[in-house]
Amino acid sequence: MFKLLYKPLGLVISVAGGLAAGALFARVWTLATGQGDAPQATDPDRGWREVLVASGIQGAVFGVIKAALDRGGAAGFSKITGTWPGR
């Protein structure tokens with residue numbers, strides 16, 4: 001029963017994580033390059049290297065933030081309910 005209750009909470013955590021990761025990546029990119037916007041893959045004025053480096057950094061930031069929030073949410077849920085929401 002408790003595991004079913006975790007699904008909506010997990011969704012909220014994921015959305016919050018995506019927003020936080022996007023904001024963090026924008027800040028990291030600006031600090032690292034001095035540019036306001038990261039390059040888009042279809043931007044004709046940006047080179048392959050710049051696009052791929054930006055994509056790699058963005059993926060790493062999103063992955064770490066998502067894992068940290070998912071793990072923290074599951075641990076908090078477990079602490080409150082005594083049931084781990086995963087398998």
# chains A, B, ... in the order shown; residues from 1 in each chain; ligands from 1
call {"tool": "residues_around", "arguments": {"residues": "Ala26 in chain A", "least_positions_apart": "3", "cutoff": "8 Å", "atoms": "only C-alpha atoms", "output": "count of residues only"}}
result
7
call {"tool": "residues_around", "arguments": {"residues": "range 7-13 of chain A", "least_positions_apart": "3", "cutoff": "7 Å", "atoms": "only C-alpha atoms", "output": "VMD selection string"}}
result
chain A and resid 4 16 to 17 69 to 70
call {"tool": "residues_around", "arguments": {"residues": "Thr83 in chain A", "least_positions_apart": "3", "cutoff": "8 Å", "atoms": "only C-alpha atoms", "output": "JSON, numbers by chain"}}
result
{"A": [2, 3, 77, 78, 79]}
call {"tool": "closest_residue", "arguments": {"among": "A:Ala20, A:Ser14, A:Asp45, A:Val53", "to": "Thr33 in chain A", "atoms": "only C-alpha atoms"}}
result
A:Val53
call {"tool": "select_by_dssp", "arguments": {"residues": "chain A", "states": "alpha helix (DSSP H)", "output": "PyMOL selection string"}}
result
chain A and resi 2-33+48-81
call {"tool": "write_last_selection", "arguments": {"atoms": "C-alpha atoms", "output": "PDB file, in the first residue's frame"}}
result
ATOM      1  CA  PHE A   2       2.743   2.471   0.963  1.00  0.00           C
ATOM      2  CA  LYS A   3       4.661   1.749  -2.241  1.00  0.00           C
ATOM      3  CA  LEU A   4       1.658   2.909  -4.258  1.00  0.00           C
ATOM      4  CA  LEU A   5       1.638   6.180  -2.323  1.00  0.00           C
ATOM      5  CA  TYR A   6       5.264   6.777  -3.276  1.00  0.00           C
ATOM      6  CA  LYS A   7       4.510   7.016  -7.012  1.00  0.00           C
ATOM      7  CA  PRO A   8       3.004  10.541  -6.944  1.00  0.00           C
ATOM      8  CA  LEU A   9       5.703  11.673  -4.526  1.00  0.00           C
ATOM      9  CA  GLY A  10       8.367  10.241  -6.821  1.00  0.00           C
ATOM     10  CA  LEU A  11       6.872  12.137  -9.755  1.00  0.00           C
ATOM     11  CA  VAL A  12       6.979  15.427  -7.845  1.00  0.00           C
ATOM     12  CA  ILE A  13      10.580  14.735  -6.817  1.00  0.00           C
ATOM     13  CA  SER A  14      11.525  14.004 -10.450  1.00  0.00           C
ATOM     14  CA  VAL A  15       9.979  17.235 -11.730  1.00  0.00           C
ATOM     15  CA  ALA A  16      11.685  19.252  -8.991  1.00  0.00           C
ATOM     16  CA  GLY A  17      14.948  17.511  -9.799  1.00  0.00           C
ATOM     17  CA  GLY A  18      14.655  18.368 -13.477  1.00  0.00           C
ATOM     18  CA  LEU A  19      14.055  22.027 -12.686  1.00  0.00           C
ATOM     19  CA  ALA A  20      16.936  22.121 -10.201  1.00  0.00           C
ATOM     20  CA  ALA A  21      19.274  20.340 -12.612  1.00  0.00           C
ATOM     21  CA  GLY A  22      18.402  22.743 -15.437  1.00  0.00           C
ATOM     22  CA  ALA A  23      19.122  25.749 -13.246  1.00  0.00           C
ATOM     23  CA  LEU A  24      22.371  24.238 -11.957  1.00  0.00           C
ATOM     24  CA  PHE A  25      23.555  23.358 -15.463  1.00  0.00           C
ATOM     25  CA  ALA A  26      22.838  26.895 -16.699  1.00  0.00           C
ATOM     26  CA  ARG A  27      24.891  28.301 -13.829  1.00  0.00           C
ATOM     27  CA  VAL A  28      27.759  25.840 -14.374  1.00  0.00           C
ATOM     28  CA  TRP A  29      27.823  26.560 -18.107  1.00  0.00           C
ATOM     29  CA  THR A  30      27.854  30.318 -17.543  1.00  0.00           C
ATOM     30  CA  LEU A  31      30.659  30.084 -14.970  1.00  0.00           C
ATOM     31  CA  ALA A  32      32.721  27.730 -17.146  1.00  0.00           C
ATOM     32  CA  THR A  33      32.368  29.567 -20.447  1.00  0.00           C
ATOM     33  CA  TRP A  48      30.845  19.825 -32.711  1.00  0.00           C
ATOM     34  CA  ARG A  49      33.211  19.942 -29.769  1.00  0.00           C
ATOM     35  CA  GLU A  50      31.322  22.708 -27.975  1.00  0.00           C
ATOM     36  CA  VAL A  51      27.952  21.019 -28.525  1.00  0.00           C
ATOM     37  CA  LEU A  52      29.178  17.615 -27.340  1.00  0.00           C
ATOM     38  CA  VAL A  53      30.991  18.997 -24.286  1.00  0.00           C
ATOM     39  CA  ALA A  54      27.895  20.954 -23.270  1.00  0.00           C
ATOM     40  CA  SER A  55      25.735  17.868 -23.741  1.00  0.00           C
ATOM     41  CA  GLY A  56      28.092  15.741 -21.651  1.00  0.00           C
ATOM     42  CA  ILE A  57      28.157  18.258 -18.809  1.00  0.00           C
ATOM     43  CA  GLN A  58      24.387  18.612 -18.936  1.00  0.00           C
ATOM     44  CA  GLY A  59      23.927  14.835 -18.826  1.00  0.00           C
ATOM     45  CA  ALA A  60      26.258  14.502 -15.857  1.00  0.00           C
ATOM     46  CA  VAL A  61      24.523  17.277 -13.917  1.00  0.00           C
ATOM     47  CA  PHE A  62      21.065  15.838 -14.621  1.00  0.00           C
ATOM     48  CA  GLY A  63      22.160  12.305 -13.736  1.00  0.00           C
ATOM     49  CA  VAL A  64      23.714  13.263 -10.409  1.00  0.00           C
ATOM     50  CA  ILE A  65      20.820  15.517  -9.363  1.00  0.00           C
ATOM     51  CA  LYS A  66      18.225  12.910 -10.339  1.00  0.00           C
ATOM     52  CA  ALA A  67      20.014  10.108  -8.491  1.00  0.00           C
ATOM     53  CA  ALA A  68      20.522  12.236  -5.381  1.00  0.00           C
ATOM     54  CA  LEU A  69      16.890  13.337  -5.214  1.00  0.00           C
ATOM     55  CA  ASP A  70      15.492   9.887  -6.029  1.00  0.00           C
ATOM     56  CA  ARG A  71      17.686   8.278  -3.388  1.00  0.00           C
ATOM     57  CA  GLY A  72      16.904  10.969  -0.812  1.00  0.00           C
ATOM     58  CA  GLY A  73      13.186  10.714  -1.496  1.00  0.00           C
ATOM     59  CA  ALA A  74      13.236   6.933  -1.152  1.00  0.00           C
ATOM     60  CA  ALA A  75      15.270   7.117   2.055  1.00  0.00           C
ATOM     61  CA  GLY A  76      12.948   9.729   3.547  1.00  0.00           C
ATOM     62  CA  PHE A  77       9.882   7.714   2.569  1.00  0.00           C
ATOM     63  CA  SER A  78      11.424   4.621   4.120  1.00  0.00           C
ATOM     64  CA  LYS A  79      12.229   6.465   7.322  1.00  0.00           C
ATOM     65  CA  ILE A  80       8.651   7.737   7.646  1.00  0.00           C
ATOM     66  CA  THR A  81       6.799   4.561   6.589  1.00  0.00           C
TER      67      THR A  81
END
call {"tool": "decode", "arguments": {"residues": "range 19-69 of chain A", "atoms": "C-alpha atoms", "output": "short mmCIF file (atom, residue, chain, number, x, y, z; two decimals), in the first residue's frame"}}
result
data_model
loop_
_atom_site.label_atom_id
_atom_site.label_comp_id
_atom_site.auth_asym_id
_atom_site.auth_seq_id
_atom_site.Cartn_x
_atom_site.Cartn_y
_atom_site.Cartn_z
CA LEU A 19 14.06 22.03 -12.69
CA ALA A 20 16.94 22.12 -10.20
CA ALA A 21 19.27 20.34 -12.61
CA GLY A 22 18.40 22.74 -15.44
CA ALA A 23 19.12 25.75 -13.25
CA LEU A 24 22.37 24.24 -11.96
CA PHE A 25 23.56 23.36 -15.46
CA ALA A 26 22.84 26.90 -16.70
CA ARG A 27 24.89 28.30 -13.83
CA VAL A 28 27.76 25.84 -14.37
CA TRP A 29 27.82 26.56 -18.11
CA THR A 30 27.85 30.32 -17.54
CA LEU A 31 30.66 30.08 -14.97
CA ALA A 32 32.72 27.73 -17.15
CA THR A 33 32.37 29.57 -20.45
CA GLY A 34 31.10 33.07 -19.74
CA GLN A 35 28.29 32.43 -22.22
CA GLY A 36 24.69 32.78 -21.14
CA ASP A 37 23.23 29.94 -23.17
CA ALA A 38 24.56 26.46 -23.78
CA PRO A 39 24.74 25.48 -27.44
CA GLN A 40 21.89 23.56 -29.00
CA ALA A 41 22.73 20.56 -31.17
CA THR A 42 21.16 22.27 -34.20
CA ASP A 43 22.90 25.64 -33.73
CA PRO A 44 24.87 26.20 -36.95
CA ASP A 45 27.21 28.72 -35.31
CA ARG A 46 28.56 26.26 -32.72
CA GLY A 47 31.12 23.54 -33.37
CA TRP A 48 30.84 19.82 -32.71
CA ARG A 49 33.21 19.94 -29.77
CA GLU A 50 31.32 22.71 -27.98
CA VAL A 51 27.95 21.02 -28.52
CA LEU A 52 29.18 17.62 -27.34
CA VAL A 53 30.99 19.00 -24.29
CA ALA A 54 27.90 20.95 -23.27
CA SER A 55 25.73 17.87 -23.74
CA GLY A 56 28.09 15.74 -21.65
CA ILE A 57 28.16 18.26 -18.81
CA GLN A 58 24.39 18.61 -18.94
CA GLY A 59 23.93 14.83 -18.83
CA ALA A 60 26.26 14.50 -15.86
CA VAL A 61 24.52 17.28 -13.92
CA PHE A 62 21.06 15.84 -14.62
CA GLY A 63 22.16 12.31 -13.74
CA VAL A 64 23.71 13.26 -10.41
CA ILE A 65 20.82 15.52 -9.36
CA LYS A 66 18.23 12.91 -10.34
CA ALA A 67 20.01 10.11 -8.49
CA ALA A 68 20.52 12.24 -5.38
CA LEU A 69 16.89 13.34 -5.21
#
